[in-house]
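Step one of this worksheet: look at the structure below.
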Amino acid sequence: MIDSTTNSRFSTKQLIVIYTIISLVGLLIVWELVARFTSASMFLPPASEVLAAFARSFVEPIGQHTMLAHVGVSLYRVAVAFIFATIIGIALGVGMGYSKLFEAIFKPIFEFIRPIPPLAWIPLSILWFGLSDTGKFFIIFLGCFCFITVNTYDGAKNVDPELIGAARMLGASEKQVFFKIVLPSSVPYIFAGLQIAVTAGWSAVVGSEMIQSNEGVGWVIIRGMSTGNTVQIMVGIVAIGIVGFALANITSALERRLCSWNAQKGM
Amino acid sequence: MKSFFSKHKYTVISACSFVFVLFIWQLVTDILHLVSPVMLPSPTKIVETFWYKLTGGTVPDGSSLIQNILSSLKIALGGYVVGVIIGVPLGVGMAWSRRFELVAKPLFDIIRPVPALAWIPLMILWLGIGYASKVGIIFFAAFISATVNSYTGIRQTSQVHLWVGKTFGATNRQLLFKVAIPTALPMIFTGLRLALGSAWVALVAAEMLAATSGLGYMIQISRLLGRPDVIIVGMITIGFVGLLLNTVLEKLQKKFVKRGKKA
Amino acid sequence: MERSEGNVKTKTPVLECRNVGRSFDSYDGSGKNEVLRGMDFEVYENEFLVLFGAGQCGKTTLLNILAGLDMPTEGEVLARGQKVTKPAPERGFVYQKTSLFPWMTVEENVGFGPKVRHLPEKEVQERVKKYLDLVGLTGFEKSYPNQLSGGMRQRVGIARAYANEPDIMLMDEPFGHLDAQTRYMMEEELQRIWQKEKRTVVFVTNNIEEALFLADRIILLTNCPTHIKEEYEINMPHPRDYVDPEFLRLRQLITDNMDLTL
């Protein structure tokens, strides 16, 4: 931005593509060379081997499933927990932001639970739910839920009082003010929360599968560790990274679509 | 009394709600025995255990609560400091120099979507289950927040401020240190806080998988030993220490970023 | 308060402000901050009343009280003889910041009032069409507020207030944020709209030319606490001219009477 000596031969977009290719190819070459010709080969498998194994993982199963199925299992877990977290988080957040009484009742309990990292619930969830999927839903739910609630709460608290006043002046009832003004004007905040929550949920599923599972991407990498299979760990990390990237981008694309009215801030 | 109640109505309701939850909890555990103590110990039992661990009790995990906290903090802060020292300059550099950004950002972008936890197996395999591997994991957690926020902060520098600097003949270096970095400071501090938060979360996971002391280890081993009271004591401590760290950084932020109110 | 006799439209008061005062607790909680004192006036049917005064304190508070969004600490406000205690669709409000609902299109904004009052869908559509046409925004039904210019947004704000067909319109410096050129244009527009769809209007401004251009009657307010200093009947025919001698004379008269101290 600042020393933008615009190269006349290429547009900014082209430059980004060119440099991205150069730096990624550079990384792969350095990795390959280091892994093949230095003592690092003891623990670092060459890039080509990891990529080949990654491609193979879609055909040959790791454990009981191929990679696609492992990703599917993990995504399914995130999806179930995320839906519950979204419903409960939005209800709680809007409720606390809108009603002082509701806030007084629920906020202390929420604030008590909030600082505890979701993964710290794993031992309790194993005690309560065993190694079933319910336990994983529970952990991922906690991972998403707090972010959604906090953001929704902020949104509902920050509704422009003049908009509420305008709606009342136009004859809206309390219920209409809530559903037509408070809720929609919190939507950008809710989306910001959902975006963080998706990433947090993905992280939580990896964590919980590492500790209590026999399938899913988290299991893939922890299994790689216990069998000393570095290639399998790296293949797992690649898959986790790709899905994480996709999730983050899907939610932000969705936000741009659904909150287009908010594109130009500070009206 | 009446005016006290009307003035602090919501505080009173909050307190009542909290006490009510504790009461129900106590009721279903110790009084009515609806829930087995193996699943959920009563609040009084938890307070008892908390006191025992706080005053130096080492059963069941082998260390007192204070020892566990210190052991965890040592690791968390170690990884955090490394993450910040690398992350902040990286973020600032990528935002300030276009050439550097073109080369470094693609590499950063492929690391960024990988949750810090996913590095645990690799770190353990490479560095063993000692101090180094955990510092490595926490490094990843802290590094990403620190970089992203510094980058965004510098990017928010207003063009007008830079023009003013330029018309007064400031060099590129002066523009960076006198205009851009001060602009970015609040964001950078936010990044530092988020980074500490992620570091603390990652730590719990790392200690649950590979450690012989620390809060994460304490709750994990207590599960194997069937001590839910110690688990809950551990969880509350983890939450509390995390909150404390955040508060300390918030105070520091207020002290160093003098621009008054938050945006 | 002496009131000069003039050709007031009708003598039916739509809104009566009876000795209204408003104080706030000061920030440190030590005392009271008096913002309004002894506001006593009526607003007559189909009259264009301008509340004019410099500075910020008090005018918006007064308008909020008239609207029923705020309660006076002294006195009361009567709308057609009924005490005002809460906002009601009989009183339309046009805001300085427009306060359009940013997630709704222009037509949803304008239709909001009729819709929340559960008018039949056909009636809602008709009113949206009618009032968008009145403010000259036909063709922008599907736009979002952030796609419109400041003047256009203000037109939507006016159409939205009109769509409820209120008994009285309260306007809080609606053109305060606009640039001078757009402002002149909007003043003319408002005059045209008002001639076409007569409504009782209470209009707050700190711009003397705007006040003289629009008003049937001007109430001059002074500051801290805000109270009534003077009232003027303005009998010039519309459309008015900024350099007309009578216009300039009144302008001089009123500004001489203003307290410019805060």
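Just so we're on the same page: first chain in the structure tokens is A, next is B, and so on; residues restart at 1 for each chain, and ligands are numbered from 1 in the order they show up.
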Quick one: residues within 10 Å of Arg114 in chain A, only C-alpha atoms, excluding same-chain residues fewer than 2 positions away - as a CSV table (one decimal) with C-alpha atoms, in the first residue's frame?
chain,number,residue,atom,x,y,z
A,108,PRO,CA,-23.3,-14.1,35.7
A,109,ILE,CA,-23.6,-17.8,34.8
A,110,PHE,CA,-22.5,-17.2,31.2
A,111,GLU,CA,-19.5,-15.1,32.4
A,112,PHE,CA,-18.6,-17.9,34.7
A,116,ILE,CA,-13.1,-21.9,30.4
A,117,PRO,CA,-11.5,-23.2,27.1
A,118,PRO,CA,-13.8,-25.7,25.4
A,142,LEU,CA,-19.1,-25.0,23.8
A,143,GLY,CA,-16.3,-23.9,21.4
A,145,PHE,CA,-21.5,-21.0,21.5
A,146,CYS,CA,-19.6,-18.4,23.5
A,147,PHE,CA,-18.5,-16.5,20.5
A,149,THR,CA,-23.5,-15.3,22.2
A,150,VAL,CA,-21.0,-12.6,22.9
B,239,GLY,CA,-10.7,-20.0,33.3
B,243,LEU,CA,-9.2,-14.0,32.7
Which residues come within 10 Å of range 144-157 of chain B, counting only C-alpha atoms, excluding same-chain residues fewer than 5 positions away, as a PyMOL selection string?
(chain A and resi 1-2) or (chain B and resi 80+83-96+108-109+111-116+139+162+176+179-199)
Leaving out range 231-238 of chain B and any residue of its chain fewer than 2 positions from it, which residues lie within 10 Å of it when counting only C-alpha atoms, given as a VMD selection string?
(chain A and resid 112 to 113 115 to 124) or (chain B and resid 40 to 41 43 46 to 51 53 to 54 65 68 to 69 72 200 to 201 204 214 to 223 226 to 229 240 to 244)
Tell me, as a VMD selection string, which residues lie within 10 Å of range 63-69 of chain C, counting only C-alpha atoms; anything in the same chain fewer than 2 positions away does not count.
(chain A and resid 165 to 166 168 to 169) or (chain C and resid 15 to 17 20 to 22 51 58 to 61 71 to 72 76 to 79 83 to 93 168 to 172 202 to 204)
Just the selected residues (C-alpha atoms), exported as a PDB file, in the first residue's frame, please.
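Resulting contents of selection-v6.pdb:
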ATOM      1  CA  GLY A 165     -37.254   5.486  18.550  1.00  0.00           C
ATOM      2  CA  ALA A 166     -38.116   5.815  14.862  1.00  0.00           C
ATOM      3  CA  ARG A 168     -41.841   3.303  17.958  1.00  0.00           C
ATOM      4  CA  MET A 169     -42.842   6.617  16.397  1.00  0.00           C
TER       5      MET A 169
ATOM      6  CA  LEU C  15     -50.520  20.058  20.101  1.00  0.00           C
ATOM      7  CA  GLU C  16     -50.310  22.008  23.324  1.00  0.00           C
ATOM      8  CA  CYS C  17     -47.118  22.378  25.286  1.00  0.00           C
ATOM      9  CA  VAL C  20     -42.869  22.007  29.988  1.00  0.00           C
ATOM     10  CA  GLY C  21     -39.531  21.721  31.781  1.00  0.00           C
ATOM     11  CA  ARG C  22     -36.934  19.000  31.648  1.00  0.00           C
ATOM     12  CA  LEU C  51     -38.532  26.301  16.548  1.00  0.00           C
ATOM     13  CA  GLY C  58     -32.631  21.616  24.366  1.00  0.00           C
ATOM     14  CA  LYS C  59     -34.243  21.619  20.941  1.00  0.00           C
ATOM     15  CA  THR C  60     -33.976  17.898  20.312  1.00  0.00           C
ATOM     16  CA  THR C  61     -35.034  17.198  23.885  1.00  0.00           C
ATOM     17  CA  MET C  71     -41.069  12.650  29.487  1.00  0.00           C
ATOM     18  CA  PRO C  72     -40.982  16.207  30.837  1.00  0.00           C
ATOM     19  CA  GLU C  76     -47.316  18.264  30.170  1.00  0.00           C
ATOM     20  CA  VAL C  77     -47.928  17.904  26.474  1.00  0.00           C
ATOM     21  CA  LEU C  78     -51.431  17.485  25.082  1.00  0.00           C
ATOM     22  CA  ALA C  79     -52.174  16.132  21.629  1.00  0.00           C
ATOM     23  CA  LYS C  83     -51.902  13.796  27.421  1.00  0.00           C
ATOM     24  CA  VAL C  84     -48.869  12.489  25.530  1.00  0.00           C
ATOM     25  CA  THR C  85     -47.223   9.614  27.392  1.00  0.00           C
ATOM     26  CA  LYS C  86     -45.714   7.475  24.684  1.00  0.00           C
ATOM     27  CA  PRO C  87     -44.816   7.588  21.010  1.00  0.00           C
ATOM     28  CA  ALA C  88     -47.744   7.183  18.666  1.00  0.00           C
ATOM     29  CA  PRO C  89     -48.074   6.934  14.900  1.00  0.00           C
ATOM     30  CA  GLU C  90     -50.265  10.062  14.930  1.00  0.00           C
ATOM     31  CA  ARG C  91     -47.022  11.996  15.298  1.00  0.00           C
ATOM     32  CA  GLY C  92     -44.493  11.503  12.504  1.00  0.00           C
ATOM     33  CA  PHE C  93     -40.799  12.136  13.110  1.00  0.00           C
ATOM     34  CA  ILE C 168     -48.514  16.227  12.986  1.00  0.00           C
ATOM     35  CA  MET C 169     -44.965  16.025  11.666  1.00  0.00           C
ATOM     36  CA  LEU C 170     -41.994  16.655  13.920  1.00  0.00           C
ATOM     37  CA  MET C 171     -38.783  17.451  12.073  1.00  0.00           C
ATOM     38  CA  ASP C 172     -35.466  17.626  13.899  1.00  0.00           C
ATOM     39  CA  VAL C 202     -43.051  21.427  13.913  1.00  0.00           C
ATOM     40  CA  PHE C 203     -39.643  22.038  12.424  1.00  0.00           C
ATOM     41  CA  VAL C 204     -36.473  22.543  14.461  1.00  0.00           C
TER      42      VAL C 204
END
For Val231 in chain A: contacts at 9 Å, only C-alpha atoms, fewer than 5 positions along chain excluded, given as an mmCIF file with N, CA and C atoms, in the first residue's frame:
data_model
loop_
_atom_site.group_PDB
_atom_site.id
_atom_site.type_symbol
_atom_site.label_atom_id
_atom_site.label_comp_id
_atom_site.auth_asym_id
_atom_site.auth_seq_id
_atom_site.Cartn_x
_atom_site.Cartn_y
_atom_site.Cartn_z
ATOM 1 N N LEU A 44 11.848 -35.200 8.737
ATOM 2 C CA LEU A 44 11.030 -34.443 7.790
ATOM 3 C C LEU A 44 10.903 -35.201 6.480
ATOM 4 N N PRO A 45 9.713 -35.715 6.171
ATOM 5 C CA PRO A 45 9.551 -36.395 4.890
ATOM 6 C C PRO A 45 9.534 -35.364 3.761
ATOM 7 N N PRO A 46 10.014 -35.730 2.584
ATOM 8 C CA PRO A 46 10.046 -34.776 1.478
ATOM 9 C C PRO A 46 8.635 -34.335 1.069
ATOM 10 N N GLU A 49 6.624 -36.597 -1.178
ATOM 11 C CA GLU A 49 6.044 -37.774 -0.548
ATOM 12 C C GLU A 49 4.729 -37.428 0.165
ATOM 13 N N VAL A 50 4.735 -36.262 0.855
ATOM 14 C CA VAL A 50 3.529 -35.840 1.564
ATOM 15 C C VAL A 50 2.394 -35.582 0.574
ATOM 16 N N ALA A 53 1.124 -38.767 -0.755
ATOM 17 C CA ALA A 53 0.321 -39.471 0.248
ATOM 18 C C ALA A 53 -1.038 -38.797 0.413
ATOM 19 N N PHE A 54 -1.029 -37.466 0.278
ATOM 20 C CA PHE A 54 -2.290 -36.736 0.401
ATOM 21 C C PHE A 54 -3.242 -37.164 -0.713
ATOM 22 N N GLY A 224 -1.284 -40.822 13.524
ATOM 23 C CA GLY A 224 0.031 -40.671 12.907
ATOM 24 C C GLY A 224 1.105 -40.510 13.948
ATOM 25 N N GLY A 236 -2.725 -35.118 7.265
ATOM 26 C CA GLY A 236 -3.850 -34.663 8.080
ATOM 27 C C GLY A 236 -3.859 -33.151 8.227
#
Grab the CA of Thr230 in chain A to CA of Ile75 in chain B distance for me, in Å with one decimal place.
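Answer for the CA of Thr230 in chain A to CA of Ile75 in chain B separation: 24.5 Å.
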I'd like the contact shell of Ser74 in chain A - 9 Å cut-off, only C-alpha atoms, skipping same-chain residues fewer than 5 positions apart - returned as a tab-separated table (two decimals) with N, CA and C atoms, in the first residue's frame.
chain	number	residue	atom	x	y	z
A	69	ALA	N	-13.89	-39.29	3.84
A	69	ALA	CA	-14.84	-39.72	4.87
A	69	ALA	C	-14.44	-39.17	6.23
A	79	ALA	N	-21.04	-29.47	12.23
A	79	ALA	CA	-22.32	-28.94	11.76
A	79	ALA	C	-23.41	-29.10	12.82
A	202	TRP	N	-14.11	-25.71	14.29
A	202	TRP	CA	-13.21	-26.60	13.55
A	202	TRP	C	-12.01	-26.96	14.41
A	205	VAL	N	-13.16	-29.46	17.04
A	205	VAL	CA	-13.38	-30.84	16.59
A	205	VAL	C	-12.03	-31.55	16.46
A	206	VAL	N	-11.04	-30.83	15.95
A	206	VAL	CA	-9.71	-31.44	15.85
A	206	VAL	C	-9.22	-31.83	17.23
A	209	GLU	N	-11.26	-34.74	18.75
A	209	GLU	CA	-10.98	-36.03	18.09
A	209	GLU	C	-9.59	-36.56	18.44
A	215	GLU	N	-12.11	-41.90	14.59
A	215	GLU	CA	-12.24	-41.45	13.20
A	215	GLU	C	-12.26	-39.93	13.19
A	216	GLY	N	-12.16	-39.37	11.98
A	216	GLY	CA	-12.12	-37.90	11.86
A	216	GLY	C	-10.70	-37.41	11.69
A	217	VAL	N	-10.58	-36.16	11.24
A	217	VAL	CA	-9.25	-35.65	10.90
A	217	VAL	C	-8.33	-35.54	12.12
A	218	GLY	N	-8.92	-35.22	13.28
A	218	GLY	CA	-8.11	-35.15	14.50
A	218	GLY	C	-7.51	-36.52	14.82
For the atom pair CA of Val94 in chain A and CA of Gly155 in chain A, what is the interatomic distance in Å to one decimal place?
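Here the two named atoms are 7.9 Å from each other.
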Per residue of chain A within 7 Å of chain C, record the nearest atom pair and its distance in Å to one decimal, counting only C-alpha atoms, with rows in chain order and ascending residue number, as JSON lines.
{"residue": "A:Glu162", "atom": "CA", "partner": "C:Ser99", "partner_atom": "CA", "distance": 6.5}
{"residue": "A:Leu163", "atom": "CA", "partner": "C:Ser99", "partner_atom": "CA", "distance": 5.7}
{"residue": "A:Gly165", "atom": "CA", "partner": "C:Leu69", "partner_atom": "CA", "distance": 6.9}
{"residue": "A:Arg168", "atom": "CA", "partner": "C:Pro87", "partner_atom": "CA", "distance": 6.0}
{"residue": "A:Met169", "atom": "CA", "partner": "C:Pro87", "partner_atom": "CA", "distance": 5.1}
{"residue": "A:Leu170", "atom": "CA", "partner": "C:Gly113", "partner_atom": "CA", "distance": 4.7}
{"residue": "A:Gly171", "atom": "CA", "partner": "C:Pro89", "partner_atom": "CA", "distance": 4.7}
{"residue": "A:Ala172", "atom": "CA", "partner": "C:Val116", "partner_atom": "CA", "distance": 5.4}
{"residue": "A:Trp261", "atom": "CA", "partner": "C:Trp103", "partner_atom": "CA", "distance": 5.4}
{"residue": "A:Gln264", "atom": "CA", "partner": "C:Asn146", "partner_atom": "CA", "distance": 6.4}
{"residue": "A:Met267", "atom": "CA", "partner": "C:Asn146", "partner_atom": "CA", "distance": 6.9}
Between CA of Asp25 in chain C and CA of Asp70 in chain C, what distance in Å does the model show, to one decimal?
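Result for CA of Asp25 in chain C versus CA of Asp70 in chain C: 14.4 Å, one decimal.
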Extract, using only C-alpha atoms, all DNA, RNA and protein residues at most 10 Å from Gly79 in chain B, discarding same-chain residues fewer than 5 positions from it, and format them as a ChimeraX atom specification.
/B:73-74,84,131-143,196,199-200,203
Looking only at alpha helix (DSSP H) from DSSP on the backbone, list the matching residues of range 15-220 of chain A as a PyMOL selection string.
chain A and resi 15-37+47-56+67-98+100-113+122-129+133-157+161-169+174-176+183-211+217-220
Create the file for the chosen residues now, containing C-alpha atoms and written as a compact mmCIF listing (two decimals), in the first residue's frame.
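Wrote it out as selection.txt, contents follow:
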# COMPACT_ATOMS: atom_id res chain seq x y z
CA LEU A 15 1.33 -9.69 -9.36
CA ILE A 16 -0.30 -11.42 -6.40
CA VAL A 17 -0.87 -14.58 -8.42
CA ILE A 18 2.69 -14.56 -9.75
CA TYR A 19 4.28 -14.04 -6.36
CA THR A 20 2.00 -16.58 -4.70
CA ILE A 21 3.10 -19.19 -7.19
CA ILE A 22 6.75 -18.22 -6.81
CA SER A 23 6.74 -18.35 -3.03
CA LEU A 24 4.77 -21.58 -2.81
CA VAL A 25 6.90 -23.33 -5.39
CA GLY A 26 9.96 -21.95 -3.61
CA LEU A 27 8.75 -23.38 -0.33
CA LEU A 28 8.13 -26.80 -1.85
CA ILE A 29 11.57 -26.87 -3.50
CA VAL A 30 13.39 -25.85 -0.31
CA TRP A 31 11.39 -28.37 1.68
CA GLU A 32 12.12 -31.11 -0.83
CA LEU A 33 15.84 -30.36 -0.92
CA VAL A 34 16.19 -30.06 2.85
CA ALA A 35 14.31 -33.31 3.38
CA ARG A 36 16.34 -35.20 0.80
CA PHE A 37 19.85 -33.94 1.25
CA ALA A 47 7.28 -32.57 0.13
CA SER A 48 6.68 -34.84 -2.83
CA GLU A 49 6.04 -37.77 -0.55
CA VAL A 50 3.53 -35.84 1.56
CA LEU A 51 1.67 -34.57 -1.49
CA ALA A 52 1.60 -38.03 -3.02
CA ALA A 53 0.32 -39.47 0.25
CA PHE A 54 -2.29 -36.74 0.40
CA ALA A 55 -3.52 -37.64 -3.07
CA ARG A 56 -3.46 -41.33 -2.18
CA MET A 67 -9.61 -38.95 3.86
CA LEU A 68 -12.84 -37.64 2.40
CA ALA A 69 -14.84 -39.72 4.87
CA HIS A 70 -12.69 -38.53 7.78
CA VAL A 71 -13.28 -34.94 6.75
CA GLY A 72 -16.97 -35.75 6.38
CA VAL A 73 -17.16 -37.21 9.89
CA SER A 74 -15.47 -34.14 11.37
CA LEU A 75 -17.60 -31.72 9.40
CA TYR A 76 -20.74 -33.54 10.43
CA ARG A 77 -19.77 -33.17 14.09
CA VAL A 78 -19.07 -29.47 13.65
CA ALA A 79 -22.32 -28.94 11.76
CA VAL A 80 -24.55 -30.54 14.39
CA ALA A 81 -22.91 -28.69 17.26
CA PHE A 82 -22.76 -25.45 15.31
CA ILE A 83 -26.48 -25.46 14.60
CA PHE A 84 -27.31 -25.95 18.26
CA ALA A 85 -24.79 -23.28 19.25
CA THR A 86 -26.23 -20.85 16.72
CA ILE A 87 -29.80 -21.26 17.91
CA ILE A 88 -29.00 -21.09 21.61
CA GLY A 89 -26.27 -18.47 21.23
CA ILE A 90 -28.43 -16.05 19.25
CA ALA A 91 -31.39 -16.50 21.57
CA LEU A 92 -29.27 -15.94 24.65
CA GLY A 93 -27.31 -13.06 23.14
CA VAL A 94 -30.29 -11.12 21.83
CA GLY A 95 -32.21 -11.81 25.01
CA MET A 96 -29.42 -10.51 27.21
CA GLY A 97 -28.83 -7.51 24.98
CA TYR A 98 -32.48 -6.52 24.85
CA LYS A 100 -32.19 -6.12 31.42
CA LEU A 101 -33.92 -8.75 33.49
CA PHE A 102 -32.82 -11.54 31.19
CA GLU A 103 -29.32 -10.12 31.28
CA ALA A 104 -29.28 -10.00 35.09
CA ILE A 105 -30.35 -13.63 35.30
CA PHE A 106 -28.11 -15.23 32.72
CA LYS A 107 -25.04 -13.07 32.46
CA PRO A 108 -23.32 -14.15 35.70
CA ILE A 109 -23.61 -17.82 34.78
CA PHE A 110 -22.49 -17.17 31.24
CA GLU A 111 -19.53 -15.08 32.37
CA PHE A 112 -18.55 -17.88 34.72
CA ILE A 113 -18.46 -20.47 31.95
CA ILE A 122 -13.11 -32.87 27.61
CA PRO A 123 -12.40 -34.81 30.83
CA LEU A 124 -15.86 -34.00 32.18
CA SER A 125 -17.52 -34.75 28.87
CA ILE A 126 -15.86 -38.16 28.79
CA LEU A 127 -17.15 -38.81 32.31
CA TRP A 128 -20.64 -37.71 31.36
CA PHE A 129 -21.01 -38.96 27.81
CA ASP A 133 -20.43 -38.51 19.57
CA THR A 134 -22.54 -36.65 22.13
CA GLY A 135 -19.40 -35.77 24.06
CA LYS A 136 -17.84 -34.32 20.91
CA PHE A 137 -20.96 -32.35 20.08
CA PHE A 138 -20.83 -30.99 23.60
CA ILE A 139 -17.21 -29.81 23.28
CA ILE A 140 -17.69 -28.28 19.84
CA PHE A 141 -20.91 -26.67 20.98
CA LEU A 142 -19.05 -24.96 23.81
CA GLY A 143 -16.35 -23.90 21.37
CA CYS A 144 -18.85 -22.11 19.11
CA PHE A 145 -21.51 -21.04 21.54
CA CYS A 146 -19.60 -18.41 23.53
CA PHE A 147 -18.46 -16.48 20.46
CA ILE A 148 -21.95 -16.41 18.97
CA THR A 149 -23.51 -15.29 22.24
CA VAL A 150 -20.96 -12.56 22.93
CA ASN A 151 -21.22 -11.09 19.45
CA THR A 152 -24.99 -11.23 19.31
CA TYR A 153 -25.13 -9.63 22.72
CA ASP A 154 -22.86 -6.80 21.55
CA GLY A 155 -25.02 -6.34 18.48
CA ALA A 156 -28.25 -6.15 20.42
CA LYS A 157 -26.68 -3.73 22.90
CA PRO A 161 -31.50 4.00 19.92
CA GLU A 162 -32.74 6.43 17.28
CA LEU A 163 -33.76 3.50 15.07
CA ILE A 164 -35.74 2.05 17.96
CA GLY A 165 -37.25 5.49 18.55
CA ALA A 166 -38.12 5.82 14.86
CA ALA A 167 -39.83 2.43 14.86
CA ARG A 168 -41.84 3.30 17.96
CA MET A 169 -42.84 6.62 16.40
CA GLU A 174 -42.47 -3.91 21.61
CA LYS A 175 -42.59 -7.24 19.84
CA GLN A 176 -42.22 -5.61 16.43
CA LEU A 183 -32.76 -8.60 15.55
CA PRO A 184 -31.96 -7.46 12.00
CA SER A 185 -29.66 -4.71 13.13
CA SER A 186 -27.67 -7.30 15.11
CA VAL A 187 -27.20 -9.43 12.03
CA PRO A 188 -23.73 -8.12 11.09
CA TYR A 189 -22.55 -8.79 14.63
CA ILE A 190 -24.13 -12.21 14.58
CA PHE A 191 -22.32 -12.99 11.35
CA ALA A 192 -19.02 -11.84 12.79
CA GLY A 193 -19.70 -14.21 15.68
CA LEU A 194 -20.62 -17.09 13.38
CA GLN A 195 -17.43 -16.59 11.44
CA ILE A 196 -15.25 -16.82 14.54
CA ALA A 197 -17.38 -19.68 15.79
CA VAL A 198 -16.90 -21.78 12.66
CA THR A 199 -13.15 -21.49 12.98
CA ALA A 200 -13.31 -22.20 16.70
CA GLY A 201 -15.61 -25.14 16.08
CA TRP A 202 -13.21 -26.60 13.55
CA SER A 203 -10.38 -26.22 16.01
CA ALA A 204 -12.49 -27.83 18.74
CA VAL A 205 -13.38 -30.84 16.59
CA VAL A 206 -9.71 -31.44 15.85
CA GLY A 207 -8.89 -31.17 19.54
CA SER A 208 -11.67 -33.40 20.73
CA GLU A 209 -10.98 -36.03 18.09
CA MET A 210 -7.35 -36.07 19.11
CA ILE A 211 -8.33 -36.96 22.63
CA VAL A 217 -9.25 -35.65 10.90
CA GLY A 218 -8.11 -35.15 14.50
CA TRP A 219 -7.82 -38.90 14.85
CA VAL A 220 -5.79 -39.08 11.63
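Here the question is which of B:Phe256, B:Val19, B:Ala211, B:Ile120 gets nearest to Ile237 in chain A using only C-alpha atoms, and that residue is B:Ile120.
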Considering only C-alpha atoms, can you say which of B:Leu102, B:Ala206, B:Leu77, B:Val28 comes closest to chain A?
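Going through B:Leu102, B:Ala206, B:Leu77, B:Val28 one by one, the smallest distance to chain A is for B:Leu102.
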